[in-house]
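Next comes coords01.cif, with mmCIF, C-alpha atoms.
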```
data_structure
loop_
_atom_site.label_atom_id
_atom_site.label_comp_id
_atom_site.auth_asym_id
_atom_site.auth_seq_id
_atom_site.Cartn_x
_atom_site.Cartn_y
_atom_site.Cartn_z
CA MET A 1 73.24 -120.81 -45.18
CA THR A 2 75.48 -119.37 -47.85
CA ALA A 3 79.01 -118.08 -48.25
CA ARG A 4 80.03 -115.91 -51.19
CA VAL A 5 83.37 -114.52 -52.35
CA GLN A 6 83.12 -111.71 -54.87
CA SER A 7 84.81 -108.58 -56.17
CA VAL A 8 81.61 -106.60 -56.74
CA PRO A 9 79.86 -104.62 -53.97
CA PHE A 10 76.88 -106.06 -52.10
CA ASP A 11 73.72 -104.38 -50.88
CA LEU A 12 73.52 -104.96 -47.13
CA GLY A 13 69.84 -104.03 -47.02
CA ALA A 14 68.97 -106.44 -49.80
CA GLU A 15 71.04 -109.20 -48.19
CA LEU A 16 69.16 -108.80 -44.91
CA ALA A 17 65.68 -108.43 -46.41
CA GLY A 18 63.83 -111.58 -45.45
CA PHE A 19 66.97 -113.09 -43.89
CA GLY A 20 66.21 -115.10 -40.78
CA ALA A 21 62.44 -115.13 -41.26
CA GLY A 22 60.93 -117.18 -38.44
CA ALA A 23 63.91 -116.64 -36.10
CA GLY A 24 63.67 -114.36 -33.11
CA ALA A 25 67.03 -112.66 -33.56
CA VAL A 26 69.21 -111.48 -36.42
CA VAL A 27 72.68 -109.99 -35.94
CA SER A 28 74.73 -108.56 -38.78
CA PHE A 29 78.21 -107.11 -38.95
CA SER A 30 79.88 -105.41 -41.89
CA GLY A 31 83.51 -104.37 -42.14
CA LEU A 32 84.58 -101.27 -44.09
CA VAL A 33 87.94 -100.07 -45.40
CA ARG A 34 89.41 -97.68 -42.78
CA ASP A 35 91.29 -94.56 -43.85
CA GLU A 36 93.90 -94.96 -41.06
CA ASP A 37 93.95 -91.20 -40.45
CA GLY A 38 94.35 -90.40 -44.13
CA ARG A 39 97.26 -92.76 -44.71
CA LEU A 40 95.22 -95.11 -46.91
CA VAL A 41 93.20 -94.60 -50.05
CA ALA A 42 92.34 -98.26 -50.62
CA LEU A 43 93.07 -101.88 -49.77
CA GLU A 44 93.98 -104.59 -52.25
CA ILE A 45 92.65 -107.93 -51.05
CA GLU A 46 94.08 -111.17 -52.39
CA HIS A 47 92.57 -114.57 -51.71
CA TYR A 48 93.01 -118.27 -52.47
CA PRO A 49 90.26 -119.19 -54.96
CA GLY A 50 88.83 -122.59 -54.13
CA MET A 51 90.10 -122.76 -50.58
CA THR A 52 88.38 -119.51 -49.60
CA GLU A 53 84.92 -120.70 -50.57
CA LYS A 54 85.42 -124.03 -48.79
CA ALA A 55 86.75 -122.39 -45.63
CA LEU A 56 83.88 -119.88 -45.39
CA GLN A 57 81.32 -122.63 -45.92
CA ALA A 58 82.98 -124.79 -43.26
CA TYR A 59 83.14 -121.95 -40.68
CA GLY A 60 79.49 -121.11 -41.35
CA GLU A 61 78.45 -124.71 -40.82
CA GLN A 62 80.53 -124.94 -37.63
CA ALA A 63 78.85 -121.81 -36.27
CA ALA A 64 75.40 -123.09 -37.20
CA GLN A 65 75.99 -126.31 -35.33
CA ARG A 66 77.63 -124.78 -32.29
CA PHE A 67 75.13 -121.96 -31.74
CA GLY A 68 72.01 -123.59 -33.17
CA LEU A 69 71.62 -121.02 -35.92
CA THR A 70 68.54 -121.08 -38.11
CA GLY A 71 70.37 -119.08 -40.78
CA TRP A 72 73.75 -117.56 -41.63
CA ARG A 73 75.31 -115.63 -44.48
CA ILE A 74 78.92 -114.66 -45.16
CA ILE A 75 80.04 -112.38 -47.99
CA HIS A 76 83.69 -111.41 -48.40
CA ARG A 77 85.05 -109.24 -51.21
CA PHE A 78 88.45 -109.23 -52.90
CA GLY A 79 90.31 -106.93 -55.27
CA ARG A 80 90.84 -103.18 -54.86
CA LEU A 81 88.44 -101.63 -52.35
CA GLU A 82 88.45 -97.87 -51.72
CA VAL A 83 88.26 -96.30 -48.26
CA GLY A 84 84.70 -96.53 -46.98
CA GLU A 85 83.76 -99.48 -49.17
CA GLN A 86 82.37 -102.63 -47.63
CA ILE A 87 84.87 -105.48 -47.29
CA MET A 88 82.65 -108.16 -45.89
CA MET A 89 79.54 -109.04 -43.90
CA VAL A 90 78.30 -111.79 -41.68
CA ALA A 91 74.70 -112.28 -40.64
CA THR A 92 73.39 -114.83 -38.18
CA ALA A 93 69.84 -115.81 -37.26
CA ALA A 94 68.83 -117.70 -34.13
CA ARG A 95 65.87 -118.12 -31.81
CA HIS A 96 67.41 -115.76 -29.24
CA ARG A 97 69.85 -112.86 -29.38
CA LYS A 98 72.70 -114.34 -27.35
CA ALA A 99 73.33 -117.14 -29.84
CA ALA A 100 73.07 -114.74 -32.79
CA PHE A 101 75.58 -112.28 -31.25
CA GLU A 102 77.99 -115.00 -30.20
CA ALA A 103 77.86 -116.75 -33.55
CA ALA A 104 78.60 -113.47 -35.37
CA GLU A 105 81.64 -112.89 -33.13
CA TYR A 106 82.76 -116.48 -33.59
CA LEU A 107 82.56 -116.14 -37.37
CA MET A 108 84.46 -112.84 -37.33
CA ASP A 109 87.22 -114.32 -35.18
CA TRP A 110 87.60 -117.24 -37.59
CA LEU A 111 87.49 -115.06 -40.70
CA LYS A 112 90.13 -112.70 -39.31
CA SER A 113 92.85 -115.29 -38.95
CA ARG A 114 91.74 -118.53 -40.65
CA ALA A 115 90.17 -117.45 -43.95
CA PRO A 116 92.76 -117.19 -46.77
CA PHE A 117 92.64 -113.45 -47.44
CA TRP A 118 95.58 -111.04 -47.43
CA LYS A 119 95.26 -107.26 -47.34
CA ARG A 120 97.72 -104.81 -48.82
CA GLU A 121 97.62 -101.11 -48.04
CA ILE A 122 97.38 -98.64 -50.90
CA GLY A 123 98.36 -95.07 -50.02
CA PRO A 124 98.36 -91.82 -52.01
CA ASP A 125 101.68 -92.87 -53.61
CA GLY A 126 100.60 -96.37 -54.57
CA PRO A 127 100.90 -99.86 -53.10
CA GLY A 128 102.44 -100.07 -49.64
CA ASP A 129 102.89 -102.81 -47.08
CA TRP A 130 100.98 -106.03 -46.63
CA VAL A 131 98.86 -105.80 -43.49
CA GLU A 132 100.41 -107.91 -40.73
CA ALA A 133 98.30 -110.33 -38.75
CA LYS A 134 97.67 -109.14 -35.19
CA ALA A 135 98.48 -111.31 -32.20
CA GLU A 136 95.20 -110.22 -30.61
CA ASP A 137 93.25 -111.65 -33.56
CA GLU A 138 95.03 -114.96 -33.11
CA ASP A 139 94.38 -114.84 -29.35
CA ALA A 140 90.70 -114.14 -29.96
CA LEU A 141 90.31 -117.61 -31.45
CA SER A 142 91.41 -119.29 -28.24
CA ARG A 143 88.25 -118.22 -26.39
CA TRP A 144 86.18 -120.55 -28.58
CA MET B 1 105.36 -137.27 -58.13
CA ALA B 2 104.26 -133.89 -59.47
CA LEU B 3 102.68 -131.24 -57.27
CA ASP B 4 101.22 -127.79 -57.83
CA VAL B 5 102.81 -125.35 -55.38
CA LEU B 6 101.01 -122.04 -54.84
CA TYR B 7 102.23 -118.82 -53.22
CA PHE B 8 100.22 -115.85 -51.99
CA ALA B 9 100.85 -112.25 -50.89
CA TRP B 10 104.50 -111.44 -50.09
CA LEU B 11 105.60 -115.05 -50.64
CA ARG B 12 104.29 -114.80 -54.20
CA GLU B 13 106.17 -111.56 -54.70
CA ARG B 14 109.45 -112.82 -53.25
CA ILE B 15 109.36 -116.02 -55.28
CA GLY B 16 108.25 -114.15 -58.38
CA GLN B 17 105.37 -116.40 -59.44
CA PRO B 18 101.93 -117.40 -58.14
CA ARG B 19 102.31 -121.13 -58.80
CA GLU B 20 104.67 -123.72 -60.15
CA ARG B 21 104.61 -127.41 -60.96
CA VAL B 22 107.34 -129.33 -59.14
CA GLU B 23 108.62 -132.87 -59.39
CA THR B 24 109.39 -134.03 -55.87
CA GLN B 25 110.27 -137.04 -53.76
CA ALA B 26 109.24 -135.22 -50.58
CA ARG B 27 107.06 -137.22 -48.19
CA THR B 28 106.12 -134.30 -45.95
CA VAL B 29 105.65 -130.55 -46.26
CA ARG B 30 108.89 -130.11 -44.31
CA GLU B 31 110.82 -132.11 -46.93
CA LEU B 32 109.14 -130.16 -49.73
CA VAL B 33 110.17 -126.86 -48.10
CA ALA B 34 113.79 -128.07 -48.00
CA GLU B 35 113.66 -128.96 -51.72
CA LEU B 36 112.06 -125.64 -52.67
CA ALA B 37 114.50 -123.60 -50.58
CA ALA B 38 117.39 -125.31 -52.40
CA MET B 39 116.06 -124.25 -55.83
CA ASP B 40 117.32 -120.66 -55.82
CA GLU B 41 117.92 -117.63 -53.62
CA TRP B 42 114.35 -116.31 -54.03
CA HIS B 43 112.77 -119.51 -52.76
CA ALA B 44 115.34 -119.66 -49.98
CA ALA B 45 114.60 -116.09 -48.88
CA ALA B 46 110.82 -116.53 -48.96
CA LEU B 47 110.95 -119.75 -46.95
CA ALA B 48 113.73 -118.73 -44.55
CA ASP B 49 111.48 -117.90 -41.59
CA LEU B 50 108.81 -120.56 -41.37
CA THR B 51 107.24 -118.98 -38.29
CA ALA B 52 105.94 -116.33 -40.72
CA VAL B 53 104.56 -118.90 -43.17
CA ARG B 54 101.24 -120.74 -43.12
CA ILE B 55 100.53 -123.89 -45.12
CA ALA B 56 97.56 -125.47 -46.88
CA VAL B 57 97.58 -129.01 -48.26
CA ASP B 58 94.86 -129.63 -50.85
CA GLN B 59 93.21 -126.41 -49.64
CA GLU B 60 93.07 -127.39 -45.95
CA LEU B 61 95.27 -125.72 -43.34
CA ALA B 62 98.14 -128.00 -42.40
CA ASP B 63 101.51 -128.02 -40.68
CA LEU B 64 105.08 -128.91 -41.64
CA ASP B 65 104.63 -132.55 -40.69
CA ALA B 66 101.63 -133.08 -42.99
CA SER B 67 102.01 -136.03 -45.36
CA LEU B 68 102.13 -135.41 -49.11
CA GLU B 69 100.85 -138.85 -50.02
CA GLY B 70 98.17 -138.48 -52.71
CA VAL B 71 98.31 -134.70 -52.45
CA ARG B 72 97.85 -132.51 -55.53
CA GLU B 73 98.30 -128.97 -54.26
CA VAL B 74 100.37 -127.30 -51.54
CA ALA B 75 100.14 -123.58 -50.78
CA PHE B 76 102.43 -121.28 -48.78
CA PHE B 77 101.29 -117.88 -47.52
CA PRO B 78 101.64 -115.37 -44.68
CA PRO B 79 99.30 -115.36 -41.67
CA MET B 80 95.85 -114.52 -42.97
CA THR B 81 94.28 -111.08 -42.60
CA GLY B 82 90.62 -111.51 -43.49
CA GLY B 83 87.54 -109.87 -42.08
#
```

As structure tokens, please, write out the structure in this file.
Amino acid sequence: MTARVQSVPFDLGAELAGFGAGAGAVVSFSGLVRDEDGRLVALEIEHYPGMTEKALQAYGEQAAQRFGLTGWRIIHRFGRLEVGEQIMMVATAARHRKAAFEAAEYLMDWLKSRAPFWKREIGPDGPGDWVEAKAEDEDALSRW
Amino acid sequence: MALDVLYFAWLRERIGQPRERVETQARTVRELVAELAAMDEWHAAALADLTAVRIAVDQELADLDASLEGVREVAFFPPMTGG
């Protein structure tokens, strides 16, 4: 039942070791920096210290209540992240798989458009555009 | 009253600073935006299209009609791109 915001990498295996003990189902998702067909070398991720931690904790608690989770973990990184590096992870634990899958999707939908992070593209020639929010990410929230 | 106003991502870049302390009589976020936009051309440009701006009041997402009574911190930023 924890949310962390950090610049340093995390070890997905270590995070999941022992996670959800006693539950019947654990689902985890991790997001990596895409290369966008060679256009990107890295992302720079900015966030709102203070609000970010509160928002992630609140979304985790909402998911736990709604889907009856027995455990959840959210880690989101900030700073410069090279192509292929992990950006974030969510893990959910529940008695059965449906709740664990749904809760992971719910958390991802909330993190995408309601957690105060902003991504900027970094290409071979240096900093480029800020990543624009996608309408489909906003629409995804309406299904919950 | 005095408020801390924070800016993130391209709003921070357009305004040229991550935060500032402002003295204001504004009662709502909408009134604060009008005061900020009147400060100089950079604020005006950053806050020109409010459909592209999201707002947090004391670190909770809010809208233009949110009250500023007792508030310490208001943040302006583009739509979020987490995950």

Counting only C-alpha atoms, which residues in chain A sit no more than 6 Å from chain B? For each one, give the nearest pair of atoms and the distance in Å, sorted by chain then residue number, as a tab-separated table.
```
residue	atom	partner	partner_atom	distance
A:Met51	CA	B:Gln59	CA	4.9
A:Leu111	CA	B:Gly83	CA	5.4
A:Lys112	CA	B:Gly82	CA	4.4
A:Ser113	CA	B:Met80	CA	5.1
A:Ala115	CA	B:Gly82	CA	6.0
A:Pro116	CA	B:Met80	CA	5.6
A:Phe117	CA	B:Gly82	CA	4.8
A:Trp118	CA	B:Thr81	CA	5.0
A:Ala133	CA	B:Thr81	CA	5.6
```

So how many Å separate atom CA of Glu44 of chain A and atom CA of Glu41 of chain B, to one decimal?
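If I compute the distance from atom CA of Glu44 of chain A to atom CA of Glu41 of chain B, I get 27.3 Å.
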
From the set B:Ala46, B:Ala66, B:Val57, B:Ile15, which residue has the shortest atom-to-atom contact distance to Leu3 of chain B, counting all atoms listed in the file?
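For Leu3 of chain B, the nearest of the candidates is B:Val57.
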
With distances taken over only C-alpha atoms, which residue among A:Lys134, A:Arg39, A:His47, A:Arg120 lies nearest His76 of chain A?
A:His47

Can you measure atom CA of Ser28 of chain A to atom CA of Ala64 of chain A for me? One decimal in Å is fine.
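Interatomic distance here is 14.6 Å.
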
Which polymer residues have any atom within 12 Å of an atom of Leu64 of chain B, counting all atoms listed in the file, with same-chain residues fewer than 2 positions away left out, as a PDB file with C-alpha atoms, in the coordinates of the input?
```pdb
ATOM      1  CA  ALA B  26     109.240-135.220 -50.580  1.00  0.00           C
ATOM      2  CA  ARG B  27     107.060-137.220 -48.190  1.00  0.00           C
ATOM      3  CA  THR B  28     106.120-134.300 -45.950  1.00  0.00           C
ATOM      4  CA  VAL B  29     105.650-130.550 -46.260  1.00  0.00           C
ATOM      5  CA  ARG B  30     108.890-130.110 -44.310  1.00  0.00           C
ATOM      6  CA  GLU B  31     110.820-132.110 -46.930  1.00  0.00           C
ATOM      7  CA  LEU B  32     109.140-130.160 -49.730  1.00  0.00           C
ATOM      8  CA  VAL B  33     110.170-126.860 -48.100  1.00  0.00           C
ATOM      9  CA  ALA B  34     113.790-128.070 -48.000  1.00  0.00           C
ATOM     10  CA  LEU B  50     108.810-120.560 -41.370  1.00  0.00           C
ATOM     11  CA  THR B  51     107.240-118.980 -38.290  1.00  0.00           C
ATOM     12  CA  VAL B  53     104.560-118.900 -43.170  1.00  0.00           C
ATOM     13  CA  ARG B  54     101.240-120.740 -43.120  1.00  0.00           C
ATOM     14  CA  ILE B  55     100.530-123.890 -45.120  1.00  0.00           C
ATOM     15  CA  ALA B  56      97.560-125.470 -46.880  1.00  0.00           C
ATOM     16  CA  VAL B  57      97.580-129.010 -48.260  1.00  0.00           C
ATOM     17  CA  LEU B  61      95.270-125.720 -43.340  1.00  0.00           C
ATOM     18  CA  ALA B  62      98.140-128.000 -42.400  1.00  0.00           C
ATOM     19  CA  ALA B  66     101.630-133.080 -42.990  1.00  0.00           C
ATOM     20  CA  SER B  67     102.010-136.030 -45.360  1.00  0.00           C
ATOM     21  CA  LEU B  68     102.130-135.410 -49.110  1.00  0.00           C
ATOM     22  CA  VAL B  74     100.370-127.300 -51.540  1.00  0.00           C
ATOM     23  CA  ALA B  75     100.140-123.580 -50.780  1.00  0.00           C
ATOM     24  CA  PHE B  76     102.430-121.280 -48.780  1.00  0.00           C
TER      25      PHE B  76
END
```

Of the candidates A:Ala104, A:Met89, A:Glu136, A:Arg97, which one gets nearest to Asp11 of chain A if we count only C-alpha atoms?
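Checking each of A:Ala104, A:Met89, A:Glu136, A:Arg97 against Asp11 of chain A, counting only C-alpha atoms, the winner is A:Met89.
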
Any chance you could work out the axis-aligned box around segment 85-95 of chain A, listed atoms only, 5 Å on each side, giving centre and edge lengths in Å to one decimal, as JSON?
```
{"center_x": 75.4, "center_y": -108.8, "center_z": -40.5, "size_x": 29.0, "size_y": 28.6, "size_z": 27.4}
```

What gap, in Å, lies between atom CA of Gly123 of chain A and atom CA of Leu40 of chain A?
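Pair atom CA of Gly123 of chain A / atom CA of Leu40 of chain A returns 4.4 Å.
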
Need the neighbours of (87.5, -96.5, -46.6): which residues are at most 8 Å away, counting only C-alpha atoms, as a CSV table (one decimal) with C-alpha atoms, keeping the file's coordinate frame?
```csv
chain,number,residue,atom,x,y,z
A,32,LEU,CA,84.6,-101.3,-44.1
A,33,VAL,CA,87.9,-100.1,-45.4
A,34,ARG,CA,89.4,-97.7,-42.8
A,35,ASP,CA,91.3,-94.6,-43.8
A,40,LEU,CA,95.2,-95.1,-46.9
A,41,VAL,CA,93.2,-94.6,-50.0
A,42,ALA,CA,92.3,-98.3,-50.6
A,81,LEU,CA,88.4,-101.6,-52.4
A,82,GLU,CA,88.4,-97.9,-51.7
A,83,VAL,CA,88.3,-96.3,-48.3
A,84,GLY,CA,84.7,-96.5,-47.0
A,85,GLU,CA,83.8,-99.5,-49.2
```

Of the residues A:Phe67, A:Arg80, A:Val8, A:Ile75, which is the one nearest to Gly126 of chain A, using only C-alpha atoms?
A:Arg80

I'd like to know which of A:Ala55, A:Leu107, A:Ala21, A:Ala140 is closest to Arg73 of chain A, using all atoms listed in the file.
A:Leu107

Taking 2 positions as the minimum chain separation for residues in the same chain, which residues sit within 12 Å of Leu16 of chain A when counting all atoms listed in the file? Answer as a compact mmCIF listing (two decimals) with C-alpha atoms, in the frame of the given file.
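The result, written out as around_39.txt:
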```
# COMPACT_ATOMS: atom_id res chain seq x y z
CA PHE A 10 76.88 -106.06 -52.10
CA ASP A 11 73.72 -104.38 -50.88
CA LEU A 12 73.52 -104.96 -47.13
CA GLY A 13 69.84 -104.03 -47.02
CA ALA A 14 68.97 -106.44 -49.80
CA GLY A 18 63.83 -111.58 -45.45
CA PHE A 19 66.97 -113.09 -43.89
CA GLY A 20 66.21 -115.10 -40.78
CA ALA A 21 62.44 -115.13 -41.26
CA VAL A 26 69.21 -111.48 -36.42
CA VAL A 27 72.68 -109.99 -35.94
CA SER A 28 74.73 -108.56 -38.78
CA PHE A 29 78.21 -107.11 -38.95
CA SER A 30 79.88 -105.41 -41.89
CA GLY A 71 70.37 -119.08 -40.78
CA TRP A 72 73.75 -117.56 -41.63
CA ARG A 73 75.31 -115.63 -44.48
CA ILE A 74 78.92 -114.66 -45.16
CA ILE A 75 80.04 -112.38 -47.99
CA MET A 89 79.54 -109.04 -43.90
CA VAL A 90 78.30 -111.79 -41.68
CA ALA A 91 74.70 -112.28 -40.64
CA THR A 92 73.39 -114.83 -38.18
CA ALA A 93 69.84 -115.81 -37.26
```

Neighbour list for Ala23 of chain A as an MDAnalysis selection string, cut-off 8 Å, only C-alpha atoms, skip fewer than 6 positions in-chain:
chainID A and resid 70 93:96

Would you list the residues near (112.5, -118.5, -48.8) (no more than 9 Å away, in the coordinates of the file, using only C-alpha atoms) as a short mmCIF file (atom, residue, chain, number, x, y, z; two decimals) with C-alpha atoms, in the coordinates of the input?
```
data_model
loop_
_atom_site.label_atom_id
_atom_site.label_comp_id
_atom_site.auth_asym_id
_atom_site.auth_seq_id
_atom_site.Cartn_x
_atom_site.Cartn_y
_atom_site.Cartn_z
CA LEU B 11 105.60 -115.05 -50.64
CA ARG B 14 109.45 -112.82 -53.25
CA ILE B 15 109.36 -116.02 -55.28
CA VAL B 33 110.17 -126.86 -48.10
CA LEU B 36 112.06 -125.64 -52.67
CA ALA B 37 114.50 -123.60 -50.58
CA ASP B 40 117.32 -120.66 -55.82
CA GLU B 41 117.92 -117.63 -53.62
CA TRP B 42 114.35 -116.31 -54.03
CA HIS B 43 112.77 -119.51 -52.76
CA ALA B 44 115.34 -119.66 -49.98
CA ALA B 45 114.60 -116.09 -48.88
CA ALA B 46 110.82 -116.53 -48.96
CA LEU B 47 110.95 -119.75 -46.95
CA ALA B 48 113.73 -118.73 -44.55
CA ASP B 49 111.48 -117.90 -41.59
CA LEU B 50 108.81 -120.56 -41.37
#
```

Step by step, work through what the PyMOL selection byres ((chain B and resi 23) around 7) selects in the shown file, and finish by giving those residues as a ChimeraX atom specification.
/B:1-3,21-22,24
